[in-house]
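Here's query_36.txt, which has compact mmCIF, N, CA and C atoms:
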# COMPACT_ATOMS: atom_id res chain seq x y z
N GLN M 1 53.98 -117.33 75.24
CA GLN M 1 54.62 -118.65 75.20
C GLN M 1 53.55 -119.72 75.05
N LEU M 2 53.71 -120.53 74.02
CA LEU M 2 52.74 -121.59 73.77
C LEU M 2 52.96 -122.72 74.77
N GLN M 3 51.88 -123.15 75.39
CA GLN M 3 51.98 -124.18 76.39
C GLN M 3 50.77 -125.09 76.36
N LEU M 4 51.01 -126.37 76.55
CA LEU M 4 49.94 -127.36 76.67
C LEU M 4 50.09 -128.06 78.01
N VAL M 5 49.00 -128.21 78.73
CA VAL M 5 49.05 -128.87 80.03
C VAL M 5 47.98 -129.96 80.07
N GLU M 6 48.45 -131.19 80.29
CA GLU M 6 47.53 -132.32 80.40
C GLU M 6 47.15 -132.54 81.86
N SER M 7 45.99 -133.09 82.07
CA SER M 7 45.55 -133.49 83.40
C SER M 7 44.50 -134.58 83.26
N GLY M 8 44.17 -135.19 84.40
CA GLY M 8 43.11 -136.19 84.40
C GLY M 8 43.59 -137.62 84.50
N GLY M 9 44.90 -137.81 84.47
CA GLY M 9 45.41 -139.17 84.60
C GLY M 9 45.25 -139.69 86.01
N GLY M 10 45.57 -140.96 86.19
CA GLY M 10 45.46 -141.56 87.51
C GLY M 10 45.46 -143.06 87.43
N LEU M 11 45.12 -143.67 88.55
CA LEU M 11 45.04 -145.13 88.67
C LEU M 11 43.58 -145.55 88.55
N VAL M 12 43.32 -146.49 87.67
CA VAL M 12 41.96 -146.97 87.47
C VAL M 12 41.99 -148.48 87.26
N GLN M 13 40.92 -149.15 87.66
CA GLN M 13 40.83 -150.59 87.48
C GLN M 13 40.49 -150.93 86.04
N PRO M 14 40.87 -152.10 85.59
CA PRO M 14 40.45 -152.53 84.23
C PRO M 14 38.95 -152.43 84.06
N GLY M 15 38.56 -151.92 82.92
CA GLY M 15 37.15 -151.68 82.65
C GLY M 15 36.67 -150.31 83.05
N GLY M 16 37.49 -149.58 83.76
CA GLY M 16 37.12 -148.24 84.21
C GLY M 16 37.31 -147.18 83.16
N SER M 17 37.08 -145.93 83.57
CA SER M 17 37.14 -144.79 82.64
C SER M 17 37.95 -143.66 83.24
N LEU M 18 38.54 -142.90 82.36
CA LEU M 18 39.21 -141.64 82.72
C LEU M 18 38.96 -140.65 81.60
N LYS M 19 38.98 -139.37 81.97
CA LYS M 19 38.87 -138.32 80.96
C LYS M 19 40.08 -137.40 81.10
N LEU M 20 40.90 -137.38 80.07
CA LEU M 20 42.06 -136.52 80.05
C LEU M 20 41.70 -135.17 79.44
N SER M 21 42.36 -134.14 79.95
CA SER M 21 42.18 -132.79 79.40
C SER M 21 43.53 -132.25 78.95
N CYS M 22 43.50 -131.47 77.92
CA CYS M 22 44.69 -130.79 77.41
C CYS M 22 44.31 -129.32 77.23
N VAL M 23 44.86 -128.48 78.08
CA VAL M 23 44.52 -127.06 78.06
C VAL M 23 45.66 -126.28 77.42
N ALA M 24 45.33 -125.44 76.47
CA ALA M 24 46.33 -124.63 75.78
C ALA M 24 46.36 -123.23 76.37
N SER M 25 47.54 -122.67 76.45
CA SER M 25 47.70 -121.28 76.85
C SER M 25 48.73 -120.63 75.95
N GLY M 26 48.60 -119.33 75.77
CA GLY M 26 49.52 -118.62 74.91
C GLY M 26 49.13 -118.64 73.45
N PHE M 27 48.09 -119.40 73.13
CA PHE M 27 47.59 -119.44 71.77
C PHE M 27 46.19 -120.02 71.81
N THR M 28 45.44 -119.84 70.73
CA THR M 28 44.11 -120.43 70.66
C THR M 28 44.17 -121.68 69.78
N LEU M 29 43.34 -122.63 70.13
CA LEU M 29 43.37 -123.92 69.43
C LEU M 29 42.67 -123.90 68.09
N ASP M 30 42.01 -122.80 67.76
CA ASP M 30 41.13 -122.77 66.60
C ASP M 30 41.80 -123.28 65.33
N ASP M 31 43.07 -122.95 65.13
CA ASP M 31 43.74 -123.31 63.88
C ASP M 31 44.68 -124.51 64.03
N TYR M 32 44.56 -125.21 65.15
CA TYR M 32 45.52 -126.27 65.43
C TYR M 32 44.87 -127.66 65.40
N ALA M 33 45.56 -128.58 64.77
CA ALA M 33 45.24 -129.98 64.96
C ALA M 33 45.85 -130.42 66.29
N ILE M 34 45.10 -131.21 67.04
CA ILE M 34 45.57 -131.69 68.34
C ILE M 34 45.56 -133.22 68.32
N ALA M 35 46.63 -133.77 68.80
CA ALA M 35 46.75 -135.23 68.85
C ALA M 35 47.11 -135.67 70.26
N TRP M 36 46.70 -136.88 70.57
CA TRP M 36 47.11 -137.54 71.80
C TRP M 36 48.07 -138.67 71.44
N PHE M 37 49.15 -138.74 72.20
CA PHE M 37 50.12 -139.81 72.08
C PHE M 37 50.27 -140.48 73.44
N ARG M 38 50.87 -141.64 73.44
CA ARG M 38 51.19 -142.28 74.72
C ARG M 38 52.49 -143.04 74.60
N GLN M 39 53.13 -143.20 75.75
CA GLN M 39 54.37 -143.96 75.78
C GLN M 39 54.39 -144.80 77.04
N ALA M 40 54.45 -146.10 76.83
CA ALA M 40 54.53 -147.04 77.94
C ALA M 40 56.00 -147.31 78.24
N PRO M 41 56.31 -147.75 79.45
CA PRO M 41 57.70 -148.03 79.81
C PRO M 41 58.34 -149.03 78.86
N GLY M 42 59.49 -148.69 78.34
CA GLY M 42 60.21 -149.59 77.47
C GLY M 42 59.68 -149.67 76.05
N LYS M 43 58.68 -148.84 75.75
CA LYS M 43 58.09 -148.87 74.41
C LYS M 43 58.22 -147.52 73.73
N GLU M 44 58.09 -147.53 72.43
CA GLU M 44 58.13 -146.28 71.68
C GLU M 44 56.82 -145.51 71.85
N ARG M 45 56.92 -144.21 71.68
CA ARG M 45 55.72 -143.38 71.70
C ARG M 45 54.82 -143.76 70.52
N GLU M 46 53.52 -143.79 70.77
CA GLU M 46 52.59 -144.13 69.70
C GLU M 46 51.44 -143.13 69.65
N GLY M 47 50.97 -142.89 68.46
CA GLY M 47 49.82 -142.02 68.29
C GLY M 47 48.55 -142.73 68.72
N VAL M 48 47.67 -142.00 69.36
CA VAL M 48 46.42 -142.55 69.88
C VAL M 48 45.22 -141.99 69.13
N SER M 49 45.17 -140.67 69.01
CA SER M 49 43.99 -140.04 68.40
C SER M 49 44.35 -138.63 67.97
N CYS M 50 43.50 -138.08 67.10
CA CYS M 50 43.75 -136.75 66.56
C CYS M 50 42.41 -136.08 66.26
N THR M 51 42.37 -134.76 66.44
CA THR M 51 41.21 -133.97 66.03
C THR M 51 41.69 -132.76 65.26
N SER M 52 41.06 -132.52 64.13
CA SER M 52 41.46 -131.39 63.30
C SER M 52 40.83 -130.10 63.79
N SER M 53 41.39 -128.98 63.33
CA SER M 53 40.84 -127.69 63.75
C SER M 53 39.52 -127.40 63.05
N SER M 54 39.40 -127.85 61.83
CA SER M 54 38.15 -127.69 61.08
C SER M 54 37.90 -128.98 60.32
N HIS M 55 36.96 -129.03 59.48
CA HIS M 55 36.63 -130.21 58.69
C HIS M 55 36.12 -131.38 59.51
N GLY M 56 36.23 -131.31 60.82
CA GLY M 56 35.68 -132.38 61.64
C GLY M 56 36.41 -133.69 61.58
N TYR M 57 37.69 -133.66 61.16
CA TYR M 57 38.43 -134.92 61.09
C TYR M 57 38.78 -135.41 62.49
N THR M 58 38.62 -136.71 62.69
CA THR M 58 39.16 -137.36 63.87
C THR M 58 39.77 -138.69 63.43
N TYR M 59 40.71 -139.16 64.20
CA TYR M 59 41.35 -140.43 63.87
C TYR M 59 41.68 -141.15 65.16
N TYR M 60 41.55 -142.46 65.13
CA TYR M 60 41.85 -143.27 66.30
C TYR M 60 42.74 -144.44 65.90
N ALA M 61 43.69 -144.75 66.76
CA ALA M 61 44.45 -145.97 66.57
C ALA M 61 43.52 -147.17 66.72
N ASP M 62 43.83 -148.23 66.01
CA ASP M 62 42.97 -149.42 66.09
C ASP M 62 42.84 -149.94 67.51
N SER M 63 43.90 -149.77 68.28
CA SER M 63 43.91 -150.32 69.64
C SER M 63 42.94 -149.60 70.58
N VAL M 64 42.48 -148.40 70.21
CA VAL M 64 41.58 -147.65 71.09
C VAL M 64 40.23 -147.36 70.45
N LYS M 65 40.09 -147.70 69.18
CA LYS M 65 38.86 -147.41 68.46
C LYS M 65 37.67 -148.06 69.15
N GLY M 66 36.62 -147.28 69.34
CA GLY M 66 35.43 -147.78 70.01
C GLY M 66 35.47 -147.63 71.52
N ARG M 67 36.64 -147.31 72.06
CA ARG M 67 36.77 -147.15 73.52
C ARG M 67 37.12 -145.71 73.90
N PHE M 68 37.89 -145.05 73.06
CA PHE M 68 38.33 -143.67 73.34
C PHE M 68 37.57 -142.71 72.43
N THR M 69 37.32 -141.52 72.95
CA THR M 69 36.68 -140.46 72.17
C THR M 69 37.42 -139.16 72.38
N ILE M 70 37.83 -138.55 71.29
CA ILE M 70 38.49 -137.25 71.35
C ILE M 70 37.48 -136.16 71.05
N SER M 71 37.59 -135.06 71.76
CA SER M 71 36.69 -133.93 71.52
C SER M 71 37.43 -132.64 71.85
N ARG M 72 36.89 -131.55 71.37
CA ARG M 72 37.53 -130.26 71.64
C ARG M 72 36.49 -129.22 71.94
N ASP M 73 36.83 -128.30 72.81
CA ASP M 73 35.99 -127.16 73.13
C ASP M 73 36.87 -125.92 72.94
N ASN M 74 36.76 -125.35 71.76
CA ASN M 74 37.64 -124.22 71.45
C ASN M 74 37.35 -123.02 72.34
N SER M 75 36.13 -122.91 72.85
CA SER M 75 35.81 -121.79 73.74
C SER M 75 36.57 -121.89 75.05
N LYS M 76 36.94 -123.13 75.41
CA LYS M 76 37.72 -123.35 76.62
C LYS M 76 39.19 -123.64 76.32
N ASN M 77 39.51 -123.59 75.02
CA ASN M 77 40.90 -123.87 74.60
C ASN M 77 41.38 -125.22 75.12
N THR M 78 40.49 -126.19 75.05
CA THR M 78 40.74 -127.50 75.67
C THR M 78 40.34 -128.63 74.72
N VAL M 79 41.16 -129.66 74.74
CA VAL M 79 40.85 -130.91 74.04
C VAL M 79 40.78 -132.02 75.08
N TYR M 80 39.85 -132.93 74.87
CA TYR M 80 39.61 -134.01 75.83
C TYR M 80 39.87 -135.36 75.18
N LEU M 81 40.20 -136.32 76.01
CA LEU M 81 40.26 -137.72 75.57
C LEU M 81 39.50 -138.54 76.60
N GLN M 82 38.29 -138.93 76.22
CA GLN M 82 37.49 -139.80 77.08
C GLN M 82 37.91 -141.23 76.83
N MET M 83 38.33 -141.90 77.88
CA MET M 83 38.84 -143.26 77.76
C MET M 83 37.94 -144.20 78.57
N ASN M 84 37.29 -145.10 77.87
CA ASN M 84 36.39 -146.06 78.51
C ASN M 84 36.94 -147.47 78.32
N SER M 85 36.41 -148.40 79.09
CA SER M 85 36.80 -149.81 78.99
C SER M 85 38.31 -149.96 79.00
N LEU M 86 38.94 -149.30 79.93
CA LEU M 86 40.40 -149.28 79.96
C LEU M 86 40.97 -150.66 80.24
N LYS M 87 42.12 -150.92 79.63
CA LYS M 87 42.81 -152.20 79.76
C LYS M 87 44.20 -151.95 80.34
N PRO M 88 44.79 -152.96 80.93
CA PRO M 88 46.15 -152.78 81.46
C PRO M 88 47.14 -152.29 80.40
N GLU M 89 46.93 -152.71 79.17
CA GLU M 89 47.84 -152.28 78.09
C GLU M 89 47.66 -150.82 77.71
N ASP M 90 46.69 -150.14 78.28
CA ASP M 90 46.55 -148.70 78.07
C ASP M 90 47.44 -147.91 79.03
N THR M 91 48.07 -148.59 79.95
CA THR M 91 48.96 -147.93 80.90
C THR M 91 50.11 -147.25 80.17
N ALA M 92 50.27 -145.96 80.41
CA ALA M 92 51.29 -145.17 79.71
C ALA M 92 51.23 -143.74 80.22
N VAL M 93 52.24 -142.98 79.83
CA VAL M 93 52.16 -141.52 79.97
C VAL M 93 51.50 -140.99 78.70
N TYR M 94 50.47 -140.20 78.88
CA TYR M 94 49.72 -139.65 77.75
C TYR M 94 50.10 -138.19 77.54
N TYR M 95 50.37 -137.86 76.30
CA TYR M 95 50.78 -136.52 75.92
C TYR M 95 49.82 -135.96 74.88
N CYS M 96 49.55 -134.66 74.97
CA CYS M 96 48.86 -134.00 73.88
C CYS M 96 49.88 -133.15 73.12
N ALA M 97 49.60 -132.95 71.85
CA ALA M 97 50.50 -132.21 70.98
C ALA M 97 49.68 -131.39 69.99
N ALA M 98 50.24 -130.27 69.56
CA ALA M 98 49.52 -129.36 68.68
C ALA M 98 50.37 -128.98 67.48
N GLU M 99 49.68 -128.78 66.38
CA GLU M 99 50.35 -128.31 65.17
C GLU M 99 49.37 -127.44 64.40
N ILE M 100 49.85 -126.28 63.94
CA ILE M 100 48.97 -125.33 63.27
C ILE M 100 48.75 -125.72 61.82
N TYR M 101 47.53 -125.45 61.33
CA TYR M 101 47.18 -125.69 59.94
C TYR M 101 47.56 -127.10 59.51
N ALA M 102 47.16 -128.05 60.28
CA ALA M 102 47.59 -129.43 60.04
C ALA M 102 46.40 -130.40 60.03
N ASP M 103 45.27 -129.93 59.49
CA ASP M 103 44.10 -130.81 59.50
C ASP M 103 44.36 -132.13 58.79
N ASP M 104 45.16 -132.11 57.75
CA ASP M 104 45.41 -133.34 56.99
C ASP M 104 46.10 -134.39 57.84
N TYR M 105 46.78 -133.98 58.88
CA TYR M 105 47.45 -134.95 59.73
C TYR M 105 46.44 -135.89 60.39
N CYS M 106 45.21 -135.41 60.56
CA CYS M 106 44.20 -136.21 61.24
C CYS M 106 43.47 -137.16 60.31
N SER M 107 43.99 -137.34 59.10
CA SER M 107 43.44 -138.34 58.22
C SER M 107 44.20 -139.66 58.35
N ALA M 108 45.17 -139.68 59.25
CA ALA M 108 45.98 -140.88 59.48
C ALA M 108 46.44 -140.90 60.93
N LEU M 109 47.04 -142.00 61.30
CA LEU M 109 47.55 -142.13 62.67
C LEU M 109 48.55 -141.01 62.95
N PRO M 110 48.39 -140.32 64.08
CA PRO M 110 49.33 -139.23 64.39
C PRO M 110 50.77 -139.72 64.49
N ARG M 111 51.67 -138.89 63.97
CA ARG M 111 53.09 -139.20 64.06
C ARG M 111 53.78 -138.07 64.80
N GLY M 112 54.59 -138.41 65.75
CA GLY M 112 55.16 -137.42 66.66
C GLY M 112 55.92 -136.31 65.97
N TYR M 113 56.65 -136.63 64.92
CA TYR M 113 57.51 -135.62 64.27
C TYR M 113 56.69 -134.55 63.56
N GLU M 114 55.40 -134.78 63.41
CA GLU M 114 54.55 -133.80 62.73
C GLU M 114 54.13 -132.67 63.66
N TYR M 115 54.36 -132.81 64.96
CA TYR M 115 53.82 -131.87 65.93
C TYR M 115 54.94 -131.11 66.63
N ASP M 116 54.78 -129.81 66.70
CA ASP M 116 55.82 -128.96 67.27
C ASP M 116 55.63 -128.67 68.76
N TYR M 117 54.41 -128.71 69.23
CA TYR M 117 54.13 -128.29 70.60
C TYR M 117 53.59 -129.46 71.40
N TRP M 118 54.19 -129.62 72.59
CA TRP M 118 53.88 -130.80 73.40
C TRP M 118 53.62 -130.40 74.85
N GLY M 119 52.75 -131.16 75.49
CA GLY M 119 52.58 -131.03 76.92
C GLY M 119 53.58 -131.90 77.66
N GLN M 120 53.49 -131.87 78.99
CA GLN M 120 54.46 -132.59 79.82
C GLN M 120 54.03 -134.02 80.10
N GLY M 121 52.78 -134.33 79.81
CA GLY M 121 52.30 -135.69 79.99
C GLY M 121 51.55 -135.91 81.30
N THR M 122 50.67 -136.89 81.28
CA THR M 122 49.93 -137.30 82.48
C THR M 122 49.91 -138.83 82.52
N GLN M 123 50.18 -139.38 83.69
CA GLN M 123 50.29 -140.84 83.83
C GLN M 123 48.92 -141.48 83.95
N VAL M 124 48.72 -142.50 83.17
CA VAL M 124 47.52 -143.34 83.28
C VAL M 124 47.97 -144.75 83.61
N THR M 125 47.45 -145.28 84.70
CA THR M 125 47.79 -146.63 85.13
C THR M 125 46.50 -147.44 85.28
N VAL M 126 46.43 -148.53 84.55
CA VAL M 126 45.25 -149.40 84.61
C VAL M 126 45.69 -150.71 85.26
N SER M 127 45.20 -150.91 86.47
CA SER M 127 45.64 -152.07 87.24
C SER M 127 44.60 -152.40 88.30
N SER M 128 44.50 -153.69 88.60
CA SER M 128 43.61 -154.10 89.69
C SER M 128 44.39 -154.22 90.99
Render the structure in this file as structure tokens.
Amino acid sequence: QLQLVESGGGLVQPGGSLKLSCVASGFTLDDYAIAWFRQAPGKEREGVSCTSSSHGYTYYADSVKGRFTISRDNSKNTVYLQMNSLKPEDTAVYYCAAEIYADDYCSALPRGYEYDYWGQGTQVTVSS
């Protein structure tokens, strides 16, 4: 059974940092593009970042560019989202999602309908 589990969320002050993890089980990430999405209360889900399985593609939403870094460790079957200089508007539930043979998806902002496998989400709250 393919499963993604996010962790690392929490409460942080503005300007702080968090590192989210997305661990896959039941499959290996080697052939999968992985994306991070977020959904704030009352707002639509939005794509945040993406990393391809090969070719080294990464993509960031303009709102997080320069502050967030996506990385993957296929040996640990894990993808990370390092979030620095956090702002209150980054408050949301963050989800990771996977899609096989989808490197081209990471040439643009991730779109939810492109991904078949989703984690349950982890809450990130940025507040003083």
Counting only N, CA and C atoms, the option among M:Asn74, M:Leu81, M:Gly42, M:Leu2 closest to Ser21 of chain M: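 That would be M:Leu81, the residue with the smallest distance to Ser21 of chain M.
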Length of the atom C of Phe68 of chain M to atom C of Gln1 of chain M vector [Å]: 28.1 Å
Using all atoms listed in the file: which of M:Asp104, M:Asp30, M:Glu89, M:Glu99 has the shortest distance to Val126 of chain M: M:Glu89
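Distance annotation: of M:Lys43, M:Ala108, M:Ala102, M:Cys96, the residue with the minimal separation from Thr122 of chain M is M:Cys96; atom set is all atoms listed in the file.
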Residue list (strand (DSSP E or B), DSSP) for segment 30-122 of chain M, as a compact mmCIF listing (two decimals) with N, CA and C atoms, keeping the file's coordinate frame:
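Listed below is the output, out04.txt:
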# COMPACT_ATOMS: atom_id res chain seq x y z
N TYR M 32 44.56 -125.21 65.15
CA TYR M 32 45.52 -126.27 65.43
C TYR M 32 44.87 -127.66 65.40
N ALA M 33 45.56 -128.58 64.77
CA ALA M 33 45.24 -129.98 64.96
C ALA M 33 45.85 -130.42 66.29
N ILE M 34 45.10 -131.21 67.04
CA ILE M 34 45.57 -131.69 68.34
C ILE M 34 45.56 -133.22 68.32
N ALA M 35 46.63 -133.77 68.80
CA ALA M 35 46.75 -135.23 68.85
C ALA M 35 47.11 -135.67 70.26
N TRP M 36 46.70 -136.88 70.57
CA TRP M 36 47.11 -137.54 71.80
C TRP M 36 48.07 -138.67 71.44
N PHE M 37 49.15 -138.74 72.20
CA PHE M 37 50.12 -139.81 72.08
C PHE M 37 50.27 -140.48 73.44
N ARG M 38 50.87 -141.64 73.44
CA ARG M 38 51.19 -142.28 74.72
C ARG M 38 52.49 -143.04 74.60
N GLN M 39 53.13 -143.20 75.75
CA GLN M 39 54.37 -143.96 75.78
C GLN M 39 54.39 -144.80 77.04
N GLU M 46 53.52 -143.79 70.77
CA GLU M 46 52.59 -144.13 69.70
C GLU M 46 51.44 -143.13 69.65
N GLY M 47 50.97 -142.89 68.46
CA GLY M 47 49.82 -142.02 68.29
C GLY M 47 48.55 -142.73 68.72
N VAL M 48 47.67 -142.00 69.36
CA VAL M 48 46.42 -142.55 69.88
C VAL M 48 45.22 -141.99 69.13
N SER M 49 45.17 -140.67 69.01
CA SER M 49 43.99 -140.04 68.40
C SER M 49 44.35 -138.63 67.97
N CYS M 50 43.50 -138.08 67.10
CA CYS M 50 43.75 -136.75 66.56
C CYS M 50 42.41 -136.08 66.26
N THR M 51 42.37 -134.76 66.44
CA THR M 51 41.21 -133.97 66.03
C THR M 51 41.69 -132.76 65.26
N THR M 58 38.62 -136.71 62.69
CA THR M 58 39.16 -137.36 63.87
C THR M 58 39.77 -138.69 63.43
N TYR M 59 40.71 -139.16 64.20
CA TYR M 59 41.35 -140.43 63.87
C TYR M 59 41.68 -141.15 65.16
N TYR M 60 41.55 -142.46 65.13
CA TYR M 60 41.85 -143.27 66.30
C TYR M 60 42.74 -144.44 65.90
N PHE M 68 37.89 -145.05 73.06
CA PHE M 68 38.33 -143.67 73.34
C PHE M 68 37.57 -142.71 72.43
N THR M 69 37.32 -141.52 72.95
CA THR M 69 36.68 -140.46 72.17
C THR M 69 37.42 -139.16 72.38
N ILE M 70 37.83 -138.55 71.29
CA ILE M 70 38.49 -137.25 71.35
C ILE M 70 37.48 -136.16 71.05
N SER M 71 37.59 -135.06 71.76
CA SER M 71 36.69 -133.93 71.52
C SER M 71 37.43 -132.64 71.85
N ARG M 72 36.89 -131.55 71.37
CA ARG M 72 37.53 -130.26 71.64
C ARG M 72 36.49 -129.22 71.94
N ASP M 73 36.83 -128.30 72.81
CA ASP M 73 35.99 -127.16 73.13
C ASP M 73 36.87 -125.92 72.94
N THR M 78 40.49 -126.19 75.05
CA THR M 78 40.74 -127.50 75.67
C THR M 78 40.34 -128.63 74.72
N VAL M 79 41.16 -129.66 74.74
CA VAL M 79 40.85 -130.91 74.04
C VAL M 79 40.78 -132.02 75.08
N TYR M 80 39.85 -132.93 74.87
CA TYR M 80 39.61 -134.01 75.83
C TYR M 80 39.87 -135.36 75.18
N LEU M 81 40.20 -136.32 76.01
CA LEU M 81 40.26 -137.72 75.57
C LEU M 81 39.50 -138.54 76.60
N GLN M 82 38.29 -138.93 76.22
CA GLN M 82 37.49 -139.80 77.08
C GLN M 82 37.91 -141.23 76.83
N MET M 83 38.33 -141.90 77.88
CA MET M 83 38.84 -143.26 77.76
C MET M 83 37.94 -144.20 78.57
N ALA M 92 50.27 -145.96 80.41
CA ALA M 92 51.29 -145.17 79.71
C ALA M 92 51.23 -143.74 80.22
N VAL M 93 52.24 -142.98 79.83
CA VAL M 93 52.16 -141.52 79.97
C VAL M 93 51.50 -140.99 78.70
N TYR M 94 50.47 -140.20 78.88
CA TYR M 94 49.72 -139.65 77.75
C TYR M 94 50.10 -138.19 77.54
N TYR M 95 50.37 -137.86 76.30
CA TYR M 95 50.78 -136.52 75.92
C TYR M 95 49.82 -135.96 74.88
N CYS M 96 49.55 -134.66 74.97
CA CYS M 96 48.86 -134.00 73.88
C CYS M 96 49.88 -133.15 73.12
N ALA M 97 49.60 -132.95 71.85
CA ALA M 97 50.50 -132.21 70.98
C ALA M 97 49.68 -131.39 69.99
N ALA M 98 50.24 -130.27 69.56
CA ALA M 98 49.52 -129.36 68.68
C ALA M 98 50.37 -128.98 67.48
N GLU M 99 49.68 -128.78 66.38
CA GLU M 99 50.35 -128.31 65.17
C GLU M 99 49.37 -127.44 64.40
N ILE M 100 49.85 -126.28 63.94
CA ILE M 100 48.97 -125.33 63.27
C ILE M 100 48.75 -125.72 61.82
N TYR M 117 54.41 -128.71 69.23
CA TYR M 117 54.13 -128.29 70.60
C TYR M 117 53.59 -129.46 71.40
N TRP M 118 54.19 -129.62 72.59
CA TRP M 118 53.88 -130.80 73.40
C TRP M 118 53.62 -130.40 74.85
N THR M 122 50.67 -136.89 81.28
CA THR M 122 49.93 -137.30 82.48
C THR M 122 49.91 -138.83 82.52
Among the residues M:Ser53, M:Gln3, M:Thr69, M:Gln39, the one that comes closest to Ala24 of chain M [using only N, CA and C atoms]: M:Gln3
Point (52.2, -145.9, 72.4), cut-off 10 Å, counting only C-alpha atoms, residues as a JSON list (two decimals) with N, CA and C atoms, in the frame of the given file:
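Result written to result27.json:
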[["chain", "number", "residue", "atom", "x", "y", "z"],
["M", 36, "TRP", "N", 46.70, -136.88, 70.57],
["M", 36, "TRP", "CA", 47.11, -137.54, 71.80],
["M", 36, "TRP", "C", 48.07, -138.67, 71.44],
["M", 37, "PHE", "N", 49.15, -138.74, 72.20],
["M", 37, "PHE", "CA", 50.12, -139.81, 72.08],
["M", 37, "PHE", "C", 50.27, -140.48, 73.44],
["M", 38, "ARG", "N", 50.87, -141.64, 73.44],
["M", 38, "ARG", "CA", 51.19, -142.28, 74.72],
["M", 38, "ARG", "C", 52.49, -143.04, 74.60],
["M", 39, "GLN", "N", 53.13, -143.20, 75.75],
["M", 39, "GLN", "CA", 54.37, -143.96, 75.78],
["M", 39, "GLN", "C", 54.39, -144.80, 77.04],
["M", 40, "ALA", "N", 54.45, -146.10, 76.83],
["M", 40, "ALA", "CA", 54.53, -147.04, 77.94],
["M", 40, "ALA", "C", 56.00, -147.31, 78.24],
["M", 41, "PRO", "N", 56.31, -147.75, 79.45],
["M", 41, "PRO", "CA", 57.70, -148.03, 79.81],
["M", 41, "PRO", "C", 58.34, -149.03, 78.86],
["M", 43, "LYS", "N", 58.68, -148.84, 75.75],
["M", 43, "LYS", "CA", 58.09, -148.87, 74.41],
["M", 43, "LYS", "C", 58.22, -147.52, 73.73],
["M", 44, "GLU", "N", 58.09, -147.53, 72.43],
["M", 44, "GLU", "CA", 58.13, -146.28, 71.68],
["M", 44, "GLU", "C", 56.82, -145.51, 71.85],
["M", 45, "ARG", "N", 56.92, -144.21, 71.68],
["M", 45, "ARG", "CA", 55.72, -143.38, 71.70],
["M", 45, "ARG", "C", 54.82, -143.76, 70.52],
["M", 46, "GLU", "N", 53.52, -143.79, 70.77],
["M", 46, "GLU", "CA", 52.59, -144.13, 69.70],
["M", 46, "GLU", "C", 51.44, -143.13, 69.65],
["M", 47, "GLY", "N", 50.97, -142.89, 68.46],
["M", 47, "GLY", "CA", 49.82, -142.02, 68.29],
["M", 47, "GLY", "C", 48.55, -142.73, 68.72],
["M", 48, "VAL", "N", 47.67, -142.00, 69.36],
["M", 48, "VAL", "CA", 46.42, -142.55, 69.88],
["M", 48, "VAL", "C", 45.22, -141.99, 69.13],
["M", 61, "ALA", "N", 43.69, -144.75, 66.76],
["M", 61, "ALA", "CA", 44.45, -145.97, 66.57],
["M", 61, "ALA", "C", 43.52, -147.17, 66.72],
["M", 63, "SER", "N", 43.90, -149.77, 68.28],
["M", 63, "SER", "CA", 43.91, -150.32, 69.64],
["M", 63, "SER", "C", 42.94, -149.60, 70.58],
["M", 89, "GLU", "N", 46.93, -152.71, 79.17],
["M", 89, "GLU", "CA", 47.84, -152.28, 78.09],
["M", 89, "GLU", "C", 47.66, -150.82, 77.71],
["M", 90, "ASP", "N", 46.69, -150.14, 78.28],
["M", 90, "ASP", "CA", 46.55, -148.70, 78.07],
["M", 90, "ASP", "C", 47.44, -147.91, 79.03],
["M", 91, "THR", "N", 48.07, -148.59, 79.95],
["M", 91, "THR", "CA", 48.96, -147.93, 80.90],
["M", 91, "THR", "C", 50.11, -147.25, 80.17],
["M", 92, "ALA", "N", 50.27, -145.96, 80.41],
["M", 92, "ALA", "CA", 51.29, -145.17, 79.71],
["M", 92, "ALA", "C", 51.23, -143.74, 80.22],
["M", 93, "VAL", "N", 52.24, -142.98, 79.83],
["M", 93, "VAL", "CA", 52.16, -141.52, 79.97],
["M", 93, "VAL", "C", 51.50, -140.99, 78.70],
["M", 94, "TYR", "N", 50.47, -140.20, 78.88],
["M", 94, "TYR", "CA", 49.72, -139.65, 77.75],
["M", 94, "TYR", "C", 50.10, -138.19, 77.54]]
Neighbour list for Gly56 of chain M as a VMD selection string, cut-off 10 Å, only C-alpha atoms, skip fewer than 5 positions in-chain: chain M and resid 51 103 106
Separation of atom CA of Asp62 of chain M from atom CA of Lys76 of chain M, in Å and rounded to one decimal: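 Atom CA of Asp62 of chain M sits 28.6 Å away from atom CA of Lys76 of chain M.
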Within-8 Å shell of (38.7, -141.8, 75.9) in input frame, only C-alpha atoms, as JSON, numbers by chain: {"M": [17, 18, 19, 20, 67, 68, 69, 70, 80, 81, 82, 83, 84]}
Closest of M:Ser7, M:Ser75, M:Cys50, M:Ser127 to Tyr105 of chain M - atom-to-atom distances counting only C-alpha atoms: M:Cys50
Given all atoms listed in the file as the counted atoms, nearest of M:Ile100, M:Tyr59, M:Tyr95, M:Ser25 to Gln120 of chain M: M:Tyr95
